[in-house]
>>> print(open('work12.pdb').read())   # PDB, C-alpha atoms and all ligand atoms
MODEL        1
ATOM      1  CA  MET A   1    -110.969 -70.331-194.432
ATOM      2  CA  ASP A   2    -108.829 -73.438-195.026
ATOM      3  CA  GLU A   3    -109.905 -75.862-192.270
ATOM      4  CA  GLN A   4    -106.909 -78.141-192.792
ATOM      5  CA  HIS A   5    -103.987 -76.134-191.476
ATOM      6  CA  LEU A   6    -105.918 -75.025-188.394
ATOM      7  CA  LEU A   7    -108.161 -77.340-186.417
ATOM      8  CA  HIS A   8    -110.454 -75.783-183.888
ATOM      9  CA  GLU A   9    -113.153 -76.721-181.430
ATOM     10  CA  VAL A  10    -114.860 -75.350-178.350
ATOM     11  CA  ASP A  11    -114.640 -77.005-174.937
ATOM     12  CA  GLY A  12    -116.863 -75.161-172.435
ATOM     13  CA  ASN A  13    -115.657 -71.571-172.450
ATOM     14  CA  VAL A  14    -112.307 -72.432-174.037
ATOM     15  CA  ALA A  15    -111.632 -72.214-177.775
ATOM     16  CA  ILE A  16    -108.975 -74.736-178.754
ATOM     17  CA  ILE A  17    -106.990 -73.993-181.908
ATOM     18  CA  ARG A  18    -104.401 -76.481-183.169
ATOM     19  CA  ILE A  19    -101.804 -75.649-185.791
ATOM     20  CA  ASN A  20    -101.857 -78.595-188.171
ATOM     21  CA  ARG A  21     -99.122 -78.753-190.829
ATOM     22  CA  PRO A  22     -97.314 -81.891-189.658
ATOM     23  CA  LYS A  23     -95.242 -82.394-192.834
ATOM     24  CA  VAL A  24     -93.413 -79.104-192.305
ATOM     25  CA  LEU A  25     -93.333 -79.111-188.511
ATOM     26  CA  ASN A  26     -96.201 -76.607-188.381
ATOM     27  CA  ALA A  27     -94.303 -73.973-190.362
ATOM     28  CA  LEU A  28     -96.392 -70.816-190.321
ATOM     29  CA  SER A  29     -97.354 -70.034-193.902
ATOM     30  CA  LEU A  30     -98.744 -66.617-194.777
ATOM     31  CA  HIS A  31    -102.117 -68.215-195.438
ATOM     32  CA  LEU A  32    -102.097 -69.965-192.051
ATOM     33  CA  MET A  33    -101.173 -66.778-190.210
ATOM     34  CA  THR A  34    -103.954 -64.852-191.956
ATOM     35  CA  ASP A  35    -106.496 -67.531-191.027
ATOM     36  CA  LEU A  36    -105.151 -67.803-187.485
ATOM     37  CA  ALA A  37    -105.521 -64.078-186.868
ATOM     38  CA  THR A  38    -109.075 -64.135-188.298
ATOM     39  CA  LEU A  39    -110.052 -67.145-186.199
ATOM     40  CA  MET A  40    -108.617 -65.672-183.022
ATOM     41  CA  GLU A  41    -110.498 -62.434-183.657
ATOM     42  CA  GLN A  42    -113.721 -64.419-184.122
ATOM     43  CA  TYR A  43    -113.250 -66.164-180.796
ATOM     44  CA  ASP A  44    -112.203 -62.881-179.173
ATOM     45  CA  GLY A  45    -115.591 -61.460-180.142
ATOM     46  CA  ASP A  46    -117.582 -64.510-178.994
ATOM     47  CA  ASP A  47    -119.105 -63.999-175.519
ATOM     48  CA  ASN A  48    -119.199 -67.744-174.891
ATOM     49  CA  ILE A  49    -115.402 -67.945-175.188
ATOM     50  CA  HIS A  50    -113.346 -66.716-172.243
ATOM     51  CA  VAL A  51    -109.911 -68.113-173.099
ATOM     52  CA  ILE A  52    -108.151 -69.237-176.281
ATOM     53  CA  LEU A  53    -105.885 -72.274-176.102
ATOM     54  CA  LEU A  54    -103.354 -72.372-178.944
ATOM     55  CA  SER A  55    -101.510 -75.611-179.554
ATOM     56  CA  GLY A  56     -99.280 -77.371-182.024
ATOM     57  CA  SER A  57     -98.528 -81.078-182.220
ATOM     58  CA  GLU A  58     -96.363 -83.195-179.973
ATOM     59  CA  ARG A  59     -93.409 -82.888-182.409
ATOM     60  CA  ALA A  60     -93.736 -79.191-183.128
ATOM     61  CA  TRP A  61     -95.542 -76.154-181.826
ATOM     62  CA  ALA A  62     -94.188 -74.371-184.935
ATOM     63  CA  ALA A  63     -90.694 -74.524-186.472
ATOM     64  CA  GLY A  64     -90.933 -70.950-187.714
ATOM     65  CA  ALA A  65     -92.390 -69.023-190.582
ATOM     66  CA  ASP A  66     -92.569 -71.093-193.755
ATOM     67  CA  ILE A  67     -89.145 -70.621-195.293
ATOM     68  CA  GLY A  68     -90.612 -71.469-198.701
ATOM     69  CA  ASP A  69     -92.736 -68.303-198.533
ATOM     70  CA  MET A  70     -89.671 -66.127-198.052
ATOM     71  CA  ALA A  71     -86.871 -67.851-199.955
ATOM     72  CA  THR A  72     -87.118 -65.823-203.157
ATOM     73  CA  ALA A  73     -88.887 -62.721-201.849
ATOM     74  CA  SER A  74     -87.345 -59.306-202.407
ATOM     75  CA  SER A  75     -87.283 -56.593-199.792
ATOM     76  CA  ALA A  76     -90.056 -54.772-201.662
ATOM     77  CA  GLU A  77     -92.208 -57.925-201.781
ATOM     78  CA  MET A  78     -91.764 -58.494-198.058
ATOM     79  CA  LEU A  79     -92.756 -54.892-197.431
ATOM     80  CA  LYS A  80     -95.829 -55.123-199.666
ATOM     81  CA  ARG A  81     -97.082 -58.258-197.907
ATOM     82  CA  ASN A  82     -97.652 -56.172-194.788
ATOM     83  CA  GLN A  83     -97.384 -59.258-192.606
ATOM     84  CA  PHE A  84     -97.013 -57.102-189.538
ATOM     85  CA  ALA A  85    -100.721 -56.231-189.754
ATOM     86  CA  ILE A  86    -101.529 -59.915-189.162
ATOM     87  CA  TRP A  87     -99.232 -60.115-186.149
ATOM     88  CA  GLU A  88    -100.776 -56.892-184.861
ATOM     89  CA  GLN A  89    -104.230 -58.546-185.009
ATOM     90  CA  ILE A  90    -102.934 -61.348-182.781
ATOM     91  CA  LYS A  91    -101.229 -58.875-180.446
ATOM     92  CA  ASN A  92    -104.586 -57.096-180.050
ATOM     93  CA  ILE A  93    -106.549 -60.168-178.910
ATOM     94  CA  LYS A  94    -108.085 -59.130-175.589
ATOM     95  CA  LYS A  95    -108.853 -62.543-174.128
ATOM     96  CA  PRO A  96    -106.117 -64.564-172.439
ATOM     97  CA  ILE A  97    -104.283 -66.969-174.741
ATOM     98  CA  VAL A  98    -102.777 -70.126-173.266
ATOM     99  CA  ALA A  99    -100.042 -71.785-175.327
ATOM    100  CA  ALA A 100     -99.659 -75.571-175.176
ATOM    101  CA  VAL A 101     -96.126 -76.113-176.442
ATOM    102  CA  SER A 102     -94.398 -79.382-177.295
ATOM    103  CA  GLY A 103     -91.423 -79.923-179.590
ATOM    104  CA  PHE A 104     -89.994 -77.082-181.677
ATOM    105  CA  ALA A 105     -90.941 -73.453-181.006
ATOM    106  CA  LEU A 106     -88.538 -71.691-183.347
ATOM    107  CA  GLY A 107     -88.271 -68.383-185.150
ATOM    108  CA  GLY A 108     -91.764 -67.132-185.974
ATOM    109  CA  GLY A 109     -93.049 -70.052-183.877
ATOM    110  CA  CYS A 110     -91.258 -68.708-180.819
ATOM    111  CA  GLU A 111     -92.518 -65.226-181.691
ATOM    112  CA  LEU A 112     -96.081 -66.498-181.953
ATOM    113  CA  MET A 113     -95.651 -68.235-178.607
ATOM    114  CA  MET A 114     -94.509 -64.941-177.089
ATOM    115  CA  HIS A 115     -97.816 -63.389-178.232
ATOM    116  CA  CYS A 116     -99.524 -65.855-175.865
ATOM    117  CA  ASP A 117    -100.086 -65.079-172.204
ATOM    118  CA  ILE A 118     -99.513 -68.317-170.291
ATOM    119  CA  ILE A 119     -97.037 -70.744-171.819
ATOM    120  CA  ILE A 120     -97.261 -74.379-170.720
ATOM    121  CA  ALA A 121     -94.413 -76.385-172.219
ATOM    122  CA  SER A 122     -93.595 -80.050-172.413
ATOM    123  CA  GLU A 123     -90.249 -81.070-170.939
ATOM    124  CA  ASN A 124     -89.173 -81.939-174.515
ATOM    125  CA  ALA A 125     -89.860 -78.478-175.957
ATOM    126  CA  LEU A 126     -87.058 -76.558-177.688
ATOM    127  CA  PHE A 127     -87.044 -72.817-178.162
ATOM    128  CA  GLY A 128     -85.003 -70.466-180.266
ATOM    129  CA  GLN A 129     -84.689 -67.682-182.786
ATOM    130  CA  PRO A 130     -82.461 -69.416-185.364
ATOM    131  CA  GLU A 131     -83.113 -66.898-188.173
ATOM    132  CA  ILE A 132     -79.411 -66.029-188.128
ATOM    133  CA  ASN A 133     -78.771 -69.428-189.788
ATOM    134  CA  LEU A 134     -80.857 -68.209-192.745
ATOM    135  CA  GLY A 135     -79.014 -64.918-193.103
ATOM    136  CA  ILE A 136     -81.780 -62.839-191.509
ATOM    137  CA  ILE A 137     -82.839 -61.685-188.044
ATOM    138  CA  PRO A 138     -86.151 -62.253-186.239
ATOM    139  CA  GLY A 139     -88.884 -60.080-187.750
ATOM    140  CA  ALA A 140     -91.910 -60.381-185.473
ATOM    141  CA  GLY A 141     -90.520 -59.259-182.144
ATOM    142  CA  GLY A 142     -87.893 -61.955-181.652
ATOM    143  CA  THR A 143     -85.148 -59.500-180.787
ATOM    144  CA  GLN A 144     -87.483 -57.409-178.613
ATOM    145  CA  ARG A 145     -89.976 -59.620-176.739
ATOM    146  CA  PHE A 146     -87.374 -62.361-176.437
ATOM    147  CA  THR A 147     -84.876 -59.895-174.922
ATOM    148  CA  ARG A 148     -87.480 -58.558-172.501
ATOM    149  CA  ALA A 149     -88.304 -62.110-171.436
ATOM    150  CA  VAL A 150     -84.806 -63.581-171.060
ATOM    151  CA  GLY A 151     -82.555 -60.522-170.714
ATOM    152  CA  LYS A 152     -79.837 -59.125-172.975
ATOM    153  CA  ALA A 153     -77.094 -61.647-172.213
ATOM    154  CA  THR A 154     -79.167 -64.735-173.055
ATOM    155  CA  SER A 155     -80.853 -63.032-175.988
ATOM    156  CA  MET A 156     -77.498 -62.178-177.564
ATOM    157  CA  ASP A 157     -76.301 -65.734-176.936
ATOM    158  CA  VAL A 158     -79.388 -67.311-178.521
ATOM    159  CA  VAL A 159     -80.170 -64.908-181.384
ATOM    160  CA  LEU A 160     -76.597 -64.412-182.594
ATOM    161  CA  SER A 161     -75.647 -68.094-182.451
ATOM    162  CA  GLY A 162     -78.992 -69.643-183.433
ATOM    163  CA  ARG A 163     -78.679 -72.120-180.561
ATOM    164  CA  LEU A 164     -81.783 -73.675-179.078
ATOM    165  CA  LEU A 165     -82.869 -73.500-175.454
ATOM    166  CA  SER A 166     -84.172 -76.531-173.576
ATOM    167  CA  ALA A 167     -87.433 -76.240-171.672
ATOM    168  CA  LYS A 168     -85.482 -76.080-168.423
ATOM    169  CA  GLU A 169     -83.354 -73.183-169.681
ATOM    170  CA  ALA A 170     -86.429 -71.420-171.056
ATOM    171  CA  LEU A 171     -88.161 -71.689-167.679
ATOM    172  CA  ASN A 172     -85.083 -70.488-165.788
ATOM    173  CA  PHE A 173     -84.734 -67.511-168.126
ATOM    174  CA  GLY A 174     -88.418 -66.561-167.774
ATOM    175  CA  LEU A 175     -89.493 -67.320-171.349
ATOM    176  CA  ILE A 176     -92.222 -69.797-170.387
ATOM    177  CA  SER A 177     -94.640 -70.199-167.486
ATOM    178  CA  ARG A 178     -94.343 -73.909-166.629
ATOM    179  CA  ILE A 179     -92.775 -77.186-167.701
ATOM    180  CA  VAL A 180     -94.885 -80.330-167.517
ATOM    181  CA  PRO A 181     -94.085 -84.016-168.148
ATOM    182  CA  LYS A 182     -94.296 -84.831-171.853
ATOM    183  CA  GLU A 183     -97.335 -87.094-171.420
ATOM    184  CA  HIS A 184     -99.351 -84.205-169.960
ATOM    185  CA  TRP A 185     -98.402 -81.131-172.008
ATOM    186  CA  PHE A 186    -101.781 -80.690-173.670
ATOM    187  CA  GLU A 187    -104.106 -81.736-170.848
ATOM    188  CA  THR A 188    -102.256 -79.492-168.370
ATOM    189  CA  ALA A 189    -102.554 -76.512-170.706
ATOM    190  CA  LEU A 190    -106.263 -77.243-171.156
ATOM    191  CA  MET A 191    -106.696 -77.487-167.401
ATOM    192  CA  VAL A 192    -104.996 -74.120-166.955
ATOM    193  CA  ALA A 193    -107.133 -72.604-169.727
ATOM    194  CA  LYS A 194    -110.306 -73.921-168.068
ATOM    195  CA  LEU A 195    -109.253 -72.608-164.672
ATOM    196  CA  VAL A 196    -108.690 -69.108-166.097
ATOM    197  CA  ALA A 197    -111.936 -69.388-168.072
ATOM    198  CA  SER A 198    -113.822 -70.047-164.813
ATOM    199  CA  LYS A 199    -112.932 -66.573-163.467
ATOM    200  CA  GLY A 200    -114.758 -63.358-164.270
ATOM    201  CA  PRO A 201    -114.457 -62.812-168.036
ATOM    202  CA  ILE A 202    -114.021 -59.051-167.725
ATOM    203  CA  ALA A 203    -111.512 -59.357-164.887
ATOM    204  CA  ILE A 204    -109.259 -61.802-166.757
ATOM    205  CA  CYS A 205    -109.138 -59.492-169.799
ATOM    206  CA  SER A 206    -108.387 -56.527-167.525
ATOM    207  CA  ALA A 207    -105.611 -58.467-165.818
ATOM    208  CA  LYS A 208    -104.101 -59.407-169.202
ATOM    209  CA  ALA A 209    -104.241 -55.813-170.436
ATOM    210  CA  SER A 210    -102.690 -54.511-167.257
ATOM    211  CA  ILE A 211     -99.849 -57.033-167.211
ATOM    212  CA  LEU A 212     -99.061 -56.302-170.870
ATOM    213  CA  ASN A 213     -98.879 -52.608-169.992
ATOM    214  CA  ALA A 214     -95.937 -53.472-167.761
ATOM    215  CA  GLU A 215     -93.995 -54.401-170.911
ATOM    216  CA  GLU A 216     -94.850 -51.297-172.879
ATOM    217  CA  LEU A 217     -95.340 -48.328-170.554
ATOM    218  CA  PRO A 218     -93.209 -46.556-167.975
ATOM    219  CA  LEU A 219     -94.153 -47.668-164.430
ATOM    220  CA  SER A 220     -95.844 -44.389-163.513
ATOM    221  CA  GLU A 221     -98.169 -44.701-166.538
ATOM    222  CA  SER A 222     -98.855 -48.412-166.187
ATOM    223  CA  LEU A 223     -99.799 -47.886-162.530
ATOM    224  CA  VAL A 224    -102.319 -45.226-163.573
ATOM    225  CA  GLU A 225    -103.742 -47.628-166.170
ATOM    226  CA  GLU A 226    -103.920 -50.391-163.560
ATOM    227  CA  ARG A 227    -105.928 -48.110-161.268
ATOM    228  CA  LYS A 228    -108.386 -47.295-164.069
ATOM    229  CA  LEU A 229    -108.910 -50.987-164.796
ATOM    230  CA  PHE A 230    -109.217 -51.730-161.082
ATOM    231  CA  TYR A 231    -111.871 -49.053-160.494
ATOM    232  CA  ALA A 232    -113.780 -50.042-163.643
ATOM    233  CA  LEU A 233    -114.266 -53.564-162.289
ATOM    234  CA  PHE A 234    -116.303 -52.119-159.411
ATOM    235  CA  ASP A 235    -118.982 -51.310-161.996
ATOM    236  CA  THR A 236    -119.384 -54.971-162.924
ATOM    237  CA  ASN A 237    -121.873 -57.523-161.621
ATOM    238  CA  ASP A 238    -119.001 -59.976-161.407
ATOM    239  CA  GLN A 239    -117.304 -57.883-158.712
ATOM    240  CA  THR A 240    -120.525 -57.817-156.675
ATOM    241  CA  GLU A 241    -121.090 -61.524-157.231
ATOM    242  CA  GLY A 242    -117.467 -62.456-156.421
ATOM    243  CA  MET A 243    -117.539 -60.624-153.090
ATOM    244  CA  ILE A 244    -121.045 -61.787-152.081
ATOM    245  CA  ALA A 245    -120.106 -65.374-152.972
ATOM    246  CA  PHE A 246    -117.005 -65.082-150.787
ATOM    247  CA  ALA A 247    -119.114 -63.869-147.848
ATOM    248  CA  GLU A 248    -121.659 -66.634-148.419
ATOM    249  CA  LYS A 249    -118.884 -69.233-148.648
ATOM    250  CA  ARG A 250    -119.975 -70.493-152.089
ATOM    251  CA  PRO A 251    -118.348 -70.505-155.515
ATOM    252  CA  PRO A 252    -119.081 -67.346-157.526
ATOM    253  CA  ASN A 253    -121.329 -67.473-160.542
ATOM    254  CA  PHE A 254    -119.649 -65.009-162.911
ATOM    255  CA  THR A 255    -121.689 -63.788-165.859
ATOM    256  CA  GLY A 256    -119.262 -61.497-167.649
ATOM    257  CA  THR A 257    -121.405 -58.458-166.935
TER     258      THR A 257
HETATM  259  N1  LIG A 301     -90.356 -73.762-193.058
HETATM  260  C1  LIG A 301     -90.641 -74.682-194.007
HETATM  261  N2  LIG A 301     -90.410 -76.007-193.852
HETATM  262  C2  LIG A 301     -89.878 -76.413-192.678
HETATM  263  C3  LIG A 301     -89.560 -75.512-191.637
HETATM  264  C4  LIG A 301     -89.826 -74.115-191.857
HETATM  265  N3  LIG A 301     -89.601 -73.165-190.924
HETATM  266  N4  LIG A 301     -89.046 -76.223-190.620
HETATM  267  C5  LIG A 301     -89.049 -77.515-191.003
HETATM  268  N5  LIG A 301     -89.552 -77.631-192.233
HETATM  269  C6  LIG A 301     -89.724 -78.866-193.013
HETATM  270  C7  LIG A 301     -88.396 -79.422-193.501
HETATM  271  O1  LIG A 301     -87.982 -78.775-194.683
HETATM  272  C8  LIG A 301     -88.757 -80.867-193.728
HETATM  273  O2  LIG A 301     -89.441 -80.976-194.944
HETATM  274  P1  LIG A 301     -89.106 -82.219-195.979
HETATM  275  O3  LIG A 301     -87.643 -82.124-196.227
HETATM  276  O4  LIG A 301     -89.496 -83.431-195.191
HETATM  277  O5  LIG A 301     -89.986 -81.936-197.161
HETATM  278  C9  LIG A 301     -89.755 -81.167-192.607
HETATM  279  O6  LIG A 301     -90.236 -79.881-192.161
HETATM  280  C10 LIG A 301     -89.121 -81.858-191.409
HETATM  281  O7  LIG A 301     -87.990 -81.106-191.024
HETATM  282  P2  LIG A 301     -86.542 -81.761-190.855
HETATM  283  O8  LIG A 301     -86.366 -82.952-191.736
HETATM  284  O9  LIG A 301     -85.548 -80.654-190.980
HETATM  285  O10 LIG A 301     -86.639 -82.257-189.336
HETATM  286  P3  LIG A 301     -85.470 -82.389-188.280
HETATM  287  O11 LIG A 301     -86.073 -83.050-187.101
HETATM  288  O12 LIG A 301     -84.230 -82.984-188.883
HETATM  289  O13 LIG A 301     -85.090 -80.874-187.894
HETATM  290  C11 LIG A 301     -85.609 -78.596-187.251
HETATM  291  C12 LIG A 301     -86.044 -80.090-187.220
HETATM  292  C13 LIG A 301     -86.750 -77.799-186.647
HETATM  293  C14 LIG A 301     -84.358 -78.421-186.384
HETATM  294  C15 LIG A 301     -85.308 -78.174-188.705
HETATM  295  O14 LIG A 301     -86.434 -78.552-189.523
HETATM  296  C16 LIG A 301     -85.089 -76.696-188.860
HETATM  297  O15 LIG A 301     -84.009 -76.185-188.562
HETATM  298  N6  LIG A 301     -86.121 -76.004-189.339
HETATM  299  C17 LIG A 301     -86.024 -74.565-189.632
HETATM  300  C18 LIG A 301     -86.094 -73.772-188.347
HETATM  301  C19 LIG A 301     -85.926 -72.277-188.633
HETATM  302  O16 LIG A 301     -84.929 -71.854-189.223
HETATM  303  N7  LIG A 301     -86.894 -71.521-188.239
HETATM  304  C20 LIG A 301     -86.921 -70.053-188.501
HETATM  305  C21 LIG A 301     -87.562 -69.792-189.855
HETATM  306  S1  LIG A 301     -87.510 -68.075-190.268
HETATM  307  C22 LIG A 301     -92.154 -61.943-190.201
HETATM  308  C23 LIG A 301     -92.592 -62.653-189.114
HETATM  309  C24 LIG A 301     -91.939 -63.824-188.735
HETATM  310  C25 LIG A 301     -90.869 -64.283-189.490
HETATM  311  C26 LIG A 301     -90.451 -63.561-190.582
HETATM  312  C27 LIG A 301     -91.091 -62.381-190.951
HETATM  313  N8  LIG A 301     -92.784 -60.681-190.623
HETATM  314  C28 LIG A 301     -93.921 -60.241-189.718
HETATM  315  C29 LIG A 301     -92.389 -59.951-191.664
HETATM  316  C30 LIG A 301     -90.250 -65.515-189.083
HETATM  317  C31 LIG A 301     -89.195 -66.057-189.719
HETATM  318  C32 LIG A 301     -88.808 -67.409-189.373
HETATM  319  O17 LIG A 301     -89.392 -68.069-188.539
ENDMDL
END
>>> encode(input="work12.pdb", output="structure tokens", more="lines below")
Ligand code: DAK
Amino acid sequence: MDEQHLLHEVDGNVAIIRINRPKVLNALSLHLMTDLATLMEQYDGDDNIHVILLSGSERAWAAGADIGDMATASSAEMLKRNQFAIWEQIKNIKKPIVAAVSGFALGGGCELMMHCDIIIASENALFGQPEINLGIIPGAGGTQRFTRAVGKATSMDVVLSGRLLSAKEALNFGLISRIVPKEHWFETALMVAKLVASKGPIAICSAKASILNAEELPLSESLVEERKLFYALFDTNDQTEGMIAFAEKRPPNFTGT
């Protein structure tokens, strides 16, 4: 794995991954995306890690897929690359992913951000799906997840014109979770990641899975799935511990069992 374009470290139960291609505003090359998916899967399978924090730099979360990778590609080449398998790996990460977003979150960058679960954005962040300016449309969910997040009217406005949304607009439209002052974008996201990581590891994954079901399943089915996840938690030590700790007026000591 190329350690340069992705920097990563562990802080307590949080795995911190930083996209690191400053010269191209963190453009997501094929190589980077392959390594990112592999790294996230590694952390997803590591019992010590409860939450993944994904970040870019102050200037750019990611300004899109690397245009250089696509500029001369034919339809057949794009098909053969099977890039969707990589995005599917990221979609299938079971642990909560917190996004720390500053600067540009465009195209594939915005799509990657929408694969995250809690999105903490700096007041200077800019969002968009400007693929239309390149003669293409979003290819990794940008017409679908974006529309589900912001609604048809805004999605049409943004995707068809290529215009960018400010952080304030993105929050109002429901694309992101929170805006924070630009000095605190990373530390706030880390704080949120640590707070989530302090909860029961099985419960936070169940909550993520259940909330994501709301996007994919009809309500009657997602409610059934929620009940299954809810009942299953009553077989965990963390449920017993959480409720005993409440009664004893002390913080719970969750073990992920
Ligand atoms: N790719 C490659 N290089 C990029 C880049 C990108 N997406 N974005 C910026 N750069 C490079 C610039 O070329 C420039 O390089 P040098 O000229 O210095 O060598 C450097 O980063 C700094 O950029 P600028 O000089 O342009 O900086 P400005 O502040 O003036 O402008 C900008 C910032 C973000 C507004 C501008 O750079 C820009 O418009 N960038 C392109 C944004 C964009 O169009 N993004 C969408 C790309 S298409 C798929 C999954 C996903 C996708 C496709 C398929 N499958 C699963 C099949 C996704 C597609 C996309 O994201």
>>> closest_atom_pairs(input="work12.pdb", of="chain A", to="ligand LIG 301 (chain A)", cutoff="9 Å", atoms="only C-alpha atoms and all ligand atoms", output="Markdown table")
| residue | atom | partner | partner_atom | distance |
| --- | --- | --- | --- | --- |
| A:Pro22 | CA | A:LIG301 | O6 | 7.8 |
| A:Lys23 | CA | A:LIG301 | C9 | 5.6 |
| A:Val24 | CA | A:LIG301 | O6 | 3.3 |
| A:Leu25 | CA | A:LIG301 | O6 | 4.8 |
| A:Asn26 | CA | A:LIG301 | C3 | 7.5 |
| A:Ala27 | CA | A:LIG301 | C4 | 4.7 |
| A:Leu28 | CA | A:LIG301 | N3 | 7.2 |
| A:Ser29 | CA | A:LIG301 | N1 | 8.0 |
| A:Arg59 | CA | A:LIG301 | O11 | 8.7 |
| A:Ala60 | CA | A:LIG301 | C13 | 7.9 |
| A:Ala62 | CA | A:LIG301 | N3 | 7.6 |
| A:Ala63 | CA | A:LIG301 | N4 | 4.8 |
| A:Gly64 | CA | A:LIG301 | O17 | 3.4 |
| A:Ala65 | CA | A:LIG301 | O17 | 3.8 |
| A:Asp66 | CA | A:LIG301 | N1 | 3.5 |
| A:Ile67 | CA | A:LIG301 | N1 | 4.0 |
| A:Gly68 | CA | A:LIG301 | C1 | 5.7 |
| A:Asp69 | CA | A:LIG301 | N1 | 8.1 |
| A:Met70 | CA | A:LIG301 | C26 | 7.9 |
| A:Met78 | CA | A:LIG301 | C29 | 6.6 |
| A:Leu79 | CA | A:LIG301 | C29 | 7.7 |
| A:Arg81 | CA | A:LIG301 | C29 | 8.0 |
| A:Asn82 | CA | A:LIG301 | C29 | 7.2 |
| A:Gln83 | CA | A:LIG301 | C28 | 4.6 |
| A:Phe84 | CA | A:LIG301 | C28 | 4.4 |
| A:Ala85 | CA | A:LIG301 | C28 | 7.9 |
| A:Ile86 | CA | A:LIG301 | C28 | 7.6 |
| A:Trp87 | CA | A:LIG301 | C28 | 6.4 |
| A:Gly103 | CA | A:LIG301 | C13 | 8.7 |
| A:Phe104 | CA | A:LIG301 | C13 | 6.0 |
| A:Ala105 | CA | A:LIG301 | C13 | 8.3 |
| A:Leu106 | CA | A:LIG301 | N7 | 5.2 |
| A:Gly107 | CA | A:LIG301 | O17 | 3.6 |
| A:Gly108 | CA | A:LIG301 | O17 | 3.6 |
| A:Gly109 | CA | A:LIG301 | O17 | 6.2 |
| A:Cys110 | CA | A:LIG301 | O17 | 8.0 |
| A:Glu111 | CA | A:LIG301 | C24 | 7.2 |
| A:Leu112 | CA | A:LIG301 | C24 | 8.4 |
| A:Gly128 | CA | A:LIG301 | N7 | 8.3 |
| A:Gln129 | CA | A:LIG301 | C20 | 6.6 |
| A:Pro130 | CA | A:LIG301 | O16 | 5.2 |
| A:Glu131 | CA | A:LIG301 | C20 | 5.0 |
| A:Ile132 | CA | A:LIG301 | O16 | 8.1 |
| A:Asn133 | CA | A:LIG301 | O16 | 6.6 |
| A:Leu134 | CA | A:LIG301 | O16 | 6.5 |
| A:Ile136 | CA | A:LIG301 | S1 | 7.9 |
| A:Ile137 | CA | A:LIG301 | C31 | 7.9 |
| A:Pro138 | CA | A:LIG301 | C30 | 6.0 |
| A:Gly139 | CA | A:LIG301 | C22 | 4.5 |
| A:Ala140 | CA | A:LIG301 | C23 | 4.3 |
| A:Gly141 | CA | A:LIG301 | C23 | 8.0 |
| A:Gly142 | CA | A:LIG301 | C24 | 8.4 |
| A:Gly162 | CA | A:LIG301 | O16 | 8.6 |
>>> residues_around(input="work12.pdb", residues="Val14 in chain A", least_positions_apart="3", cutoff="8 Å", atoms="only C-alpha atoms", output="ChimeraX atom specification")
/A:10-11,49-53,193-194,197
>>> closest_residue(input="work12.pdb", among="A:Ala121, A:Leu165, A:Leu7, A:Ala203", to="Glu187 in chain A", atoms="all atoms listed in the file")
A:Ala121
>>> atom_distance(input="work12.pdb", atom1="CA of Ile202 in chain A", atom2="CA of Tyr43 in chain A")
14.9 Å
>>> closest_residue(input="work12.pdb", among="A:Ser55, A:Thr143, A:Thr257, A:Asn48", to="Ile17 in chain A", atoms="only C-alpha atoms")
A:Ser55
>>> residues_around(input="work12.pdb", residues="Pro181 in chain A", least_positions_apart="3", cutoff="8 Å", atoms="all atoms listed in the file", output="list in words")
Ser122, Glu123, His184 and Trp185 of chain A
>>> closest_residue(input="work12.pdb", among="A:Gly135, A:Met113, A:Thr240, A:Pro96", to="Ala71 in chain A", atoms="only C-alpha atoms")
A:Gly135
>>> closest_residue(input="work12.pdb", among="A:His31, A:Ala153, A:Ser177, A:Glu221", to="Ala189 in chain A", atoms="all atoms listed in the file")
A:Ser177
>>> residues_around(input="work12.pdb", residues="Gly174 in chain A", least_positions_apart="6", cutoff="9 Å", atoms="all atoms listed in the file", output="NGL selection string")
:A and (149-151)
>>> atom_distance(input="work12.pdb", atom1="CA of Asp238 in chain A", atom2="CA of Ala99 in chain A")
26.3 Å
>>> resolve_selection(input="work12.pdb", expression="the PyMOL selection byres (((chain A and resi 40) around 12) and not hetatm)", output="number ranges by chain")
A: 6, 8, 14-18, 32-39, 41-46, 49-54, 86-97, 116
>>> write_last_selection(input="work12.pdb", atoms="C-alpha atoms", output="short mmCIF file (atom, residue, chain, number, x, y, z; two decimals), in the frame of the given file")
data_model
loop_
_atom_site.label_atom_id
_atom_site.label_comp_id
_atom_site.auth_asym_id
_atom_site.auth_seq_id
_atom_site.Cartn_x
_atom_site.Cartn_y
_atom_site.Cartn_z
CA LEU A 6 -105.92 -75.03 -188.39
CA HIS A 8 -110.45 -75.78 -183.89
CA VAL A 14 -112.31 -72.43 -174.04
CA ALA A 15 -111.63 -72.21 -177.78
CA ILE A 16 -108.98 -74.74 -178.75
CA ILE A 17 -106.99 -73.99 -181.91
CA ARG A 18 -104.40 -76.48 -183.17
CA LEU A 32 -102.10 -69.96 -192.05
CA MET A 33 -101.17 -66.78 -190.21
CA THR A 34 -103.95 -64.85 -191.96
CA ASP A 35 -106.50 -67.53 -191.03
CA LEU A 36 -105.15 -67.80 -187.48
CA ALA A 37 -105.52 -64.08 -186.87
CA THR A 38 -109.08 -64.14 -188.30
CA LEU A 39 -110.05 -67.14 -186.20
CA GLU A 41 -110.50 -62.43 -183.66
CA GLN A 42 -113.72 -64.42 -184.12
CA TYR A 43 -113.25 -66.16 -180.80
CA ASP A 44 -112.20 -62.88 -179.17
CA GLY A 45 -115.59 -61.46 -180.14
CA ASP A 46 -117.58 -64.51 -178.99
CA ILE A 49 -115.40 -67.94 -175.19
CA HIS A 50 -113.35 -66.72 -172.24
CA VAL A 51 -109.91 -68.11 -173.10
CA ILE A 52 -108.15 -69.24 -176.28
CA LEU A 53 -105.88 -72.27 -176.10
CA LEU A 54 -103.35 -72.37 -178.94
CA ILE A 86 -101.53 -59.92 -189.16
CA TRP A 87 -99.23 -60.12 -186.15
CA GLU A 88 -100.78 -56.89 -184.86
CA GLN A 89 -104.23 -58.55 -185.01
CA ILE A 90 -102.93 -61.35 -182.78
CA LYS A 91 -101.23 -58.88 -180.45
CA ASN A 92 -104.59 -57.10 -180.05
CA ILE A 93 -106.55 -60.17 -178.91
CA LYS A 94 -108.08 -59.13 -175.59
CA LYS A 95 -108.85 -62.54 -174.13
CA PRO A 96 -106.12 -64.56 -172.44
CA ILE A 97 -104.28 -66.97 -174.74
CA CYS A 116 -99.52 -65.86 -175.86
#
